[in-house]
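Q: Quick one, run_2.pdb (PDB, C-alpha atoms and all ligand atoms):
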ATOM      1  CA  MET A   1      -8.997  11.796   3.199
ATOM      2  CA  SER A   2      -6.867  14.891   2.823
ATOM      3  CA  ASP A   3      -6.407  18.130   4.669
ATOM      4  CA  ASP A   4      -8.923  20.671   3.506
ATOM      5  CA  ASN A   5      -6.808  23.674   2.693
ATOM      6  CA  THR A   6      -8.611  24.659  -0.449
ATOM      7  CA  HIS A   7     -10.547  27.608   0.899
ATOM      8  CA  SER A   8      -8.728  30.861   1.346
ATOM      9  CA  HIS A   9     -10.472  32.719   4.169
ATOM     10  CA  PRO A  10      -8.472  33.027   7.389
ATOM     11  CA  HIS A  11     -10.021  29.966   8.973
ATOM     12  CA  LYS A  12      -7.430  29.526  11.710
ATOM     13  CA  GLU A  13      -7.552  33.073  12.971
ATOM     14  CA  VAL A  14     -11.308  33.029  13.108
ATOM     15  CA  GLN A  15     -11.261  29.764  15.052
ATOM     16  CA  HIS A  16      -8.575  31.139  17.321
ATOM     17  CA  GLU A  17     -10.648  34.142  18.260
ATOM     18  CA  ARG A  18     -13.829  32.204  18.865
ATOM     19  CA  SER A  19     -12.745  28.966  20.472
ATOM     20  CA  PRO A  20     -13.770  28.828  24.138
ATOM     21  CA  TYR A  21     -10.934  26.348  24.704
ATOM     22  CA  ALA A  22      -8.381  28.883  23.536
ATOM     23  CA  SER A  23      -9.801  31.461  25.934
ATOM     24  CA  HIS A  24      -9.714  29.003  28.827
ATOM     25  CA  VAL A  25      -6.146  28.042  28.040
ATOM     26  CA  ARG A  26      -5.076  31.682  27.847
ATOM     27  CA  ALA A  27      -6.751  32.496  31.147
ATOM     28  CA  MET A  28      -5.081  29.512  32.791
ATOM     29  CA  GLU A  29      -1.726  30.412  31.321
ATOM     30  CA  ALA A  30      -2.012  33.985  32.629
ATOM     31  CA  LEU A  31      -2.855  32.667  36.099
ATOM     32  CA  LEU A  32       0.068  30.236  36.161
ATOM     33  CA  VAL A  33       2.451  33.027  35.184
ATOM     34  CA  GLU A  34       0.916  35.404  37.726
ATOM     35  CA  LYS A  35       1.257  32.811  40.521
ATOM     36  CA  GLY A  36       4.863  32.147  39.560
ATOM     37  CA  VAL A  37       4.261  28.489  38.614
ATOM     38  CA  LEU A  38       5.456  29.050  35.058
ATOM     39  CA  THR A  39       7.345  31.802  33.332
ATOM     40  CA  GLU A  40       6.572  33.145  29.881
ATOM     41  CA  PRO A  41       9.946  31.879  28.503
ATOM     42  CA  GLU A  42       9.172  28.378  29.841
ATOM     43  CA  ILE A  43       5.880  28.420  27.990
ATOM     44  CA  GLN A  44       7.582  29.577  24.799
ATOM     45  CA  ASP A  45      10.228  26.832  25.154
ATOM     46  CA  ARG A  46       7.537  24.202  25.557
ATOM     47  CA  ILE A  47       5.699  25.442  22.464
ATOM     48  CA  ALA A  48       8.964  25.404  20.492
ATOM     49  CA  TYR A  49       9.585  21.823  21.631
ATOM     50  CA  MET A  50       6.114  20.690  20.616
ATOM     51  CA  GLU A  51       6.447  22.362  17.243
ATOM     52  CA  SER A  52       9.915  20.889  16.682
ATOM     53  CA  ARG A  53       8.687  17.307  16.666
ATOM     54  CA  SER A  54       7.988  15.954  13.213
ATOM     55  CA  PRO A  55       8.024  12.729  11.207
ATOM     56  CA  ALA A  56      11.682  13.538  10.444
ATOM     57  CA  ASN A  57      12.422  12.260  13.953
ATOM     58  CA  GLY A  58      10.791   8.908  13.254
ATOM     59  CA  ALA A  59      12.536   8.728   9.868
ATOM     60  CA  MET A  60      15.894   9.271  11.574
ATOM     61  CA  LEU A  61      15.225   6.348  13.933
ATOM     62  CA  VAL A  62      14.264   4.111  11.021
ATOM     63  CA  ALA A  63      17.323   5.036   8.932
ATOM     64  CA  ARG A  64      19.611   4.278  11.884
ATOM     65  CA  ALA A  65      17.840   0.951  12.484
ATOM     66  CA  TRP A  66      18.311   0.011   8.816
ATOM     67  CA  THR A  67      22.038   0.653   8.993
ATOM     68  CA  ASP A  68      22.810  -0.526  12.524
ATOM     69  CA  PRO A  69      21.333  -3.930  13.527
ATOM     70  CA  LYS A  70      22.217  -3.433  17.197
ATOM     71  CA  PHE A  71      20.437  -0.091  17.269
ATOM     72  CA  LYS A  72      17.459  -1.776  15.623
ATOM     73  CA  GLN A  73      17.315  -4.314  18.443
ATOM     74  CA  ARG A  74      17.395  -1.515  20.991
ATOM     75  CA  LEU A  75      14.711   0.408  19.095
ATOM     76  CA  LEU A  76      12.447  -2.649  19.131
ATOM     77  CA  SER A  77      13.086  -3.494  22.779
ATOM     78  CA  ASP A  78      13.200  -0.004  24.324
ATOM     79  CA  ALA A  79      12.164   2.665  21.848
ATOM     80  CA  LYS A  80      12.383   5.576  24.247
ATOM     81  CA  SER A  81      15.979   4.996  25.237
ATOM     82  CA  ALA A  82      16.904   4.352  21.584
ATOM     83  CA  ALA A  83      15.290   7.683  20.695
ATOM     84  CA  ARG A  84      17.295   9.411  23.429
ATOM     85  CA  GLU A  85      20.488   7.965  21.909
ATOM     86  CA  LEU A  86      19.762  10.038  18.799
ATOM     87  CA  GLY A  87      19.138  13.172  20.816
ATOM     88  CA  LEU A  88      15.345  12.984  20.738
ATOM     89  CA  ASP A  89      13.251  13.718  23.791
ATOM     90  CA  PRO A  90      10.464  11.118  23.889
ATOM     91  CA  THR A  91       9.182  12.347  27.232
ATOM     92  CA  HIS A  92       5.615  11.184  27.649
ATOM     93  CA  GLU A  93       3.916   9.043  30.232
ATOM     94  CA  ALA A  94       2.732   6.630  27.528
ATOM     95  CA  GLU A  95       4.832   3.660  26.509
ATOM     96  CA  LEU A  96       6.355   3.855  23.017
ATOM     97  CA  ILE A  97       6.513   0.612  21.073
ATOM     98  CA  VAL A  98       8.049   0.197  17.624
ATOM     99  CA  VAL A  99       6.545  -2.607  15.537
ATOM    100  CA  GLU A 100       8.607  -4.061  12.721
ATOM    101  CA  ASN A 101       7.275  -4.830   9.263
ATOM    102  CA  THR A 102       8.562  -8.117   7.872
ATOM    103  CA  PRO A 103       7.940 -10.041   4.642
ATOM    104  CA  GLU A 104       5.223 -11.896   6.595
ATOM    105  CA  VAL A 105       3.552  -9.104   8.594
ATOM    106  CA  HIS A 106       2.622  -5.519   7.760
ATOM    107  CA  ASN A 107       1.706  -3.260  10.684
ATOM    108  CA  LEU A 108      -0.781  -0.416  10.782
ATOM    109  CA  ILE A 109      -1.451   1.976  13.646
ATOM    110  CA  VAL A 110      -4.688   3.635  14.620
ATOM    111  CA  CYS A 111      -6.387   5.002  17.700
ATOM    112  CA  THR A 112      -9.937   3.705  17.508
ATOM    113  CA  LEU A 113     -11.030   5.722  20.532
ATOM    114  CA  CYS A 114      -9.670   9.168  19.718
ATOM    115  CA  SER A 115      -6.349  10.330  18.299
ATOM    116  CA  CYS A 116      -3.505   8.885  20.388
ATOM    117  CA  TYR A 117      -0.360   9.180  18.313
ATOM    118  CA  PRO A 118       3.394   8.887  18.977
ATOM    119  CA  ARG A 119       3.855  12.664  18.905
ATOM    120  CA  ALA A 120       7.322  12.479  20.445
ATOM    121  CA  VAL A 121       8.628  10.855  17.259
ATOM    122  CA  LEU A 122       6.043  11.881  14.641
ATOM    123  CA  GLY A 123       4.814  15.312  15.702
ATOM    124  CA  ARG A 124       1.159  16.090  15.290
ATOM    125  CA  PRO A 125      -1.191  13.553  13.685
ATOM    126  CA  PRO A 126      -2.665  14.319  10.267
ATOM    127  CA  ASP A 127      -6.369  15.210  10.246
ATOM    128  CA  TRP A 128      -7.352  11.952   8.564
ATOM    129  CA  TYR A 129      -5.771   9.976  11.422
ATOM    130  CA  LYS A 130      -8.256  11.598  13.788
ATOM    131  CA  SER A 131     -11.254  11.063  11.508
ATOM    132  CA  PHE A 132     -14.034   8.671  12.477
ATOM    133  CA  GLU A 133     -13.694   7.084   9.050
ATOM    134  CA  TYR A 134     -10.056   6.107   9.530
ATOM    135  CA  ARG A 135     -10.535   5.054  13.153
ATOM    136  CA  SER A 136     -13.309   2.650  12.265
ATOM    137  CA  ARG A 137     -12.159   1.415   8.862
ATOM    138  CA  ALA A 138      -8.493   0.815   9.778
ATOM    139  CA  VAL A 139      -9.652  -2.054  11.966
ATOM    140  CA  ARG A 140     -12.522  -3.337   9.833
ATOM    141  CA  GLU A 141     -10.925  -3.142   6.399
ATOM    142  CA  PRO A 142      -7.257  -2.162   6.716
ATOM    143  CA  ARG A 143      -6.390  -3.347   3.214
ATOM    144  CA  ALA A 144      -9.082  -1.164   1.641
ATOM    145  CA  VAL A 145      -7.781   1.826   3.619
ATOM    146  CA  MET A 146      -4.193   1.188   2.492
ATOM    147  CA  ARG A 147      -5.334   0.847  -1.125
ATOM    148  CA  GLU A 148      -6.717   4.369  -0.882
ATOM    149  CA  PHE A 149      -3.244   5.537   0.142
ATOM    150  CA  GLY A 150      -1.902   3.841  -2.984
ATOM    151  CA  PHE A 151      -0.432   0.821  -1.269
ATOM    152  CA  GLU A 152      -1.469  -2.709  -0.441
ATOM    153  CA  PRO A 153       0.680  -5.465   1.088
ATOM    154  CA  PRO A 154       1.047  -8.481  -1.205
ATOM    155  CA  GLU A 155      -1.510 -11.248  -0.853
ATOM    156  CA  GLY A 156      -0.535 -13.655   1.912
ATOM    157  CA  VAL A 157       1.030 -10.924   4.059
ATOM    158  CA  GLU A 158      -0.724 -10.652   7.384
ATOM    159  CA  VAL A 159      -1.918  -7.171   8.374
ATOM    160  CA  ALA A 160      -1.561  -6.425  12.085
ATOM    161  CA  VAL A 161      -3.474  -3.408  13.377
ATOM    162  CA  TYR A 162      -2.202  -1.754  16.557
ATOM    163  CA  ASP A 163      -4.734   0.279  18.508
ATOM    164  CA  SER A 164      -3.045   3.108  20.384
ATOM    165  CA  THR A 165      -4.245   4.087  23.819
ATOM    166  CA  ALA A 166      -3.497   6.582  26.540
ATOM    167  CA  ASP A 167      -0.930   4.069  27.829
ATOM    168  CA  VAL A 168       0.742   2.831  24.644
ATOM    169  CA  ARG A 169       1.753   4.560  21.410
ATOM    170  CA  TYR A 170       3.080   2.731  18.382
ATOM    171  CA  MET A 171       5.360   3.549  15.465
ATOM    172  CA  VAL A 172       5.969   1.289  12.482
ATOM    173  CA  LEU A 173       9.493   0.280  11.483
ATOM    174  CA  PRO A 174       9.059  -0.241   7.754
ATOM    175  CA  MET A 175      11.192  -2.585   5.648
ATOM    176  CA  ARG A 176      14.173  -1.061   3.890
ATOM    177  CA  PRO A 177      13.379  -0.748   0.176
ATOM    178  CA  PRO A 178      15.430  -2.993  -2.114
ATOM    179  CA  GLY A 179      18.112  -1.246  -4.145
ATOM    180  CA  THR A 180      19.073   1.175  -1.342
ATOM    181  CA  GLU A 181      22.183  -0.727  -0.240
ATOM    182  CA  GLY A 182      24.596   2.082  -1.136
ATOM    183  CA  MET A 183      22.624   4.887   0.513
ATOM    184  CA  ASP A 184      23.760   6.659   3.671
ATOM    185  CA  GLU A 185      21.568   7.328   6.693
ATOM    186  CA  GLU A 186      20.520  10.796   5.636
ATOM    187  CA  ASP A 187      19.408   9.660   2.183
ATOM    188  CA  LEU A 188      17.636   6.665   3.686
ATOM    189  CA  ALA A 189      15.755   8.906   6.130
ATOM    190  CA  ALA A 190      14.455  10.929   3.162
ATOM    191  CA  LEU A 191      12.685   7.793   1.912
ATOM    192  CA  VAL A 192      10.721   7.375   5.129
ATOM    193  CA  THR A 193       7.414   9.222   4.975
ATOM    194  CA  ARG A 194       5.025   9.938   7.803
ATOM    195  CA  ASP A 195       2.495   7.584   6.201
ATOM    196  CA  ALA A 196       5.075   4.767   6.184
ATOM    197  CA  LEU A 197       5.613   5.305   9.929
ATOM    198  CA  ILE A 198       1.859   4.971  10.492
ATOM    199  CA  GLY A 199       1.745   1.969   8.181
ATOM    200  CA  VAL A 200      -0.801   3.178   5.616
ATOM    201  CA  SER A 201       2.056   3.168   3.140
ATOM    202  CA  VAL A 202       5.672   2.096   2.696
ATOM    203  CA  PRO A 203       8.859   4.137   2.181
ATOM    204  CA  ARG A 204       9.597   5.650  -1.202
ATOM    205  CA  PRO A 205      11.778   3.357  -3.309
ATOM    206  CA  THR A 206      14.046   6.239  -4.383
ATOM    207  CA  ALA A 207      14.963   9.700  -3.144
ATOM    208  CA  PRO A 208      12.329  12.406  -3.724
ATOM    209  CA  ALA A 209      13.196  14.888  -6.482
ATOM    210  CA  SER A 210      14.537  18.085  -4.940
TER
HETATM  211 FE    FE A 301      -6.558   8.404  21.231
END
Could you take the file, read its structure, and then write that structure out as structure tokens?

A:
Amino acid sequence: MSDDNTHSHPHKEVQHERSPYASHVRAMEALLVEKGVLTEPEIQDRIAYMESRSPANGAMLVARAWTDPKFKQRLLSDAKSAARELGLDPTHEAELIVVENTPEVHNLIVCTLCSCYPRAVLGRPPDWYKSFEYRSRAVREPRAVMREFGFEPPEGVEVAVYDSTADVRYMVLPMRPPGTEGMDEEDLAALVTRDALIGVSVPRPTAPAS
């Protein structure tokens, strides 16, 4: 369940050249520019925006929620407007719902149908998230899946699986690790991994070595 980056040939470039989708997109893009619907700088801006989104955005929301109980309430009741408060742009037609882990319930997100993912706050999904294996097993045997990520909620904790759709995207609000009371928001955000925001894992207990 990891990205296959072990081979060294220029895989991406080859795919780029051959993909019929890429050719269609380029042809469409050229037409839209020619007709004056879009300009080249607008396209570049949009690409920059899409590339700028990453799990760091989700981690920032979590760190603020851990340190500001009122913000946490807003994040849980209206995630998009809470994200805008922190300068994020969660523009997407789909609803964004943040689900909170508690000592009683651990949440896990999946899209059983395809690969719906809260890109506005997490960027692009990892390859394993889109795999048939994850999509089917996350629902059937979520604890076994989490074990493979090196984590399993304690016995007695309920596992709630949220199935994303075209209409609703989910992000997990993990529990703040014990022993982090003195940490500031920035250090707290560094504990929050992408996998913890999906729910296959939990935040690091201490800052990563740098
Ligand atoms: Fe999907």

Q: Let me make sure I understand: among A:Val110, A:Val161, A:Val192, A:Val172, which one has the smallest atom-to-atom distance to ligand FE 301 (chain A) if we use all atoms listed in the file?

A: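 Smallest distance to ligand FE 301 (chain A) is found for A:Val110.
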
Q: Kindly provide the residues of chain A that approach ligand FE 301 (chain A) to within 7 Å, each paired with its closest atom pair and their distance in Å to one decimal, based on all atoms listed in the file, listed by chain and increasing number, as JSON lines.

A:
{"residue": "A:Cys111", "atom": "CA", "partner": "A:FE301", "partner_atom": "FE", "distance": 4.9}
{"residue": "A:Thr112", "atom": "CA", "partner": "A:FE301", "partner_atom": "FE", "distance": 6.9}
{"residue": "A:Leu113", "atom": "CA", "partner": "A:FE301", "partner_atom": "FE", "distance": 5.3}
{"residue": "A:Cys114", "atom": "CA", "partner": "A:FE301", "partner_atom": "FE", "distance": 3.5}
{"residue": "A:Ser115", "atom": "CA", "partner": "A:FE301", "partner_atom": "FE", "distance": 3.5}
{"residue": "A:Cys116", "atom": "CA", "partner": "A:FE301", "partner_atom": "FE", "distance": 3.2}
{"residue": "A:Tyr117", "atom": "CA", "partner": "A:FE301", "partner_atom": "FE", "distance": 6.9}
{"residue": "A:Ser164", "atom": "CA", "partner": "A:FE301", "partner_atom": "FE", "distance": 6.4}
{"residue": "A:Thr165", "atom": "CA", "partner": "A:FE301", "partner_atom": "FE", "distance": 5.5}
{"residue": "A:Ala166", "atom": "CA", "partner": "A:FE301", "partner_atom": "FE", "distance": 6.4}

Q: Around stretch 17-26 of chain A, with edges along x, y and z and 6 Å added on all six sides, what centre and edge lengths do you get, in Å to one decimal, as JSON?

A:
{"center_x": -9.5, "center_y": 30.2, "center_z": 23.5, "size_x": 20.8, "size_y": 19.8, "size_z": 22.6}

Q: Take the PyMOL selection byres (((chain A and resi 51) around 12) and not hetatm), run it mentally on this structure, and tell me the resulting residues as a compact mmCIF listing (two decimals) with C-alpha atoms, in the coordinates of the input.

A:
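New file result-v7.txt:
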# COMPACT_ATOMS: atom_id res chain seq x y z
CA GLN A 44 7.58 29.58 24.80
CA ASP A 45 10.23 26.83 25.15
CA ARG A 46 7.54 24.20 25.56
CA ILE A 47 5.70 25.44 22.46
CA ALA A 48 8.96 25.40 20.49
CA TYR A 49 9.59 21.82 21.63
CA MET A 50 6.11 20.69 20.62
CA SER A 52 9.91 20.89 16.68
CA ARG A 53 8.69 17.31 16.67
CA SER A 54 7.99 15.95 13.21
CA PRO A 55 8.02 12.73 11.21
CA ARG A 119 3.86 12.66 18.90
CA ALA A 120 7.32 12.48 20.44
CA VAL A 121 8.63 10.86 17.26
CA LEU A 122 6.04 11.88 14.64
CA GLY A 123 4.81 15.31 15.70
CA ARG A 124 1.16 16.09 15.29

Q: List the residues matched by the PyMOL selection byres (((chain A and resi 56-66) around 9) and not hetatm) in the displayed structure as a short mmCIF file (atom, residue, chain, number, x, y, z; two decimals) with C-alpha atoms, in the coordinates of the input, ordered by chain and then by residue number.

A:
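Below is the file that was written, out31.cif:
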data_model
loop_
_atom_site.label_atom_id
_atom_site.label_comp_id
_atom_site.auth_asym_id
_atom_site.auth_seq_id
_atom_site.Cartn_x
_atom_site.Cartn_y
_atom_site.Cartn_z
CA ARG A 53 8.69 17.31 16.67
CA SER A 54 7.99 15.95 13.21
CA PRO A 55 8.02 12.73 11.21
CA THR A 67 22.04 0.65 8.99
CA ASP A 68 22.81 -0.53 12.52
CA PRO A 69 21.33 -3.93 13.53
CA LYS A 70 22.22 -3.43 17.20
CA PHE A 71 20.44 -0.09 17.27
CA LYS A 72 17.46 -1.78 15.62
CA GLN A 73 17.32 -4.31 18.44
CA ARG A 74 17.40 -1.52 20.99
CA LEU A 75 14.71 0.41 19.10
CA ALA A 82 16.90 4.35 21.58
CA ALA A 83 15.29 7.68 20.70
CA LEU A 86 19.76 10.04 18.80
CA LEU A 88 15.34 12.98 20.74
CA ALA A 120 7.32 12.48 20.44
CA VAL A 121 8.63 10.86 17.26
CA LEU A 122 6.04 11.88 14.64
CA GLY A 123 4.81 15.31 15.70
CA MET A 171 5.36 3.55 15.46
CA VAL A 172 5.97 1.29 12.48
CA LEU A 173 9.49 0.28 11.48
CA PRO A 174 9.06 -0.24 7.75
CA MET A 175 11.19 -2.58 5.65
CA ARG A 176 14.17 -1.06 3.89
CA ASP A 184 23.76 6.66 3.67
CA GLU A 185 21.57 7.33 6.69
CA GLU A 186 20.52 10.80 5.64
CA ASP A 187 19.41 9.66 2.18
CA LEU A 188 17.64 6.66 3.69
CA ALA A 189 15.76 8.91 6.13
CA ALA A 190 14.46 10.93 3.16
CA LEU A 191 12.68 7.79 1.91
CA VAL A 192 10.72 7.38 5.13
CA THR A 193 7.41 9.22 4.97
CA ARG A 194 5.03 9.94 7.80
CA LEU A 197 5.61 5.30 9.93
#

Q: What is the distance between atom CA of A:Asn101 and atom CA of A:Ala209, in Å to one decimal?

A: 25.9 Å

Q: Have a look at A:Leu108, A:Ala138, A:Leu96, A:Met183 and name the one nearest to A:Asp167; count all atoms listed in the file.

A: A:Leu96

Q: Work out how far atom CA of A:Gly199 is from atom CA of A:Met146, in Å to one decimal.

A: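 Spanning atom CA of A:Met146 to atom CA of A:Gly199 is a straight-line distance of 8.3 Å.
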
Q: Give me, please, the distance in Å between atom CA of A:Pro142 and atom CA of A:Gly156, quoted to one decimal.

A: 14.2 Å

Q: What would the selection look like, as number ranges by chain, if the PyMOL selection byres (((chain A and resi 151) around 12) and not hetatm) were run on the coordinates I just shared?

A: A: 106, 142-150, 152-154, 195-196, 199-204
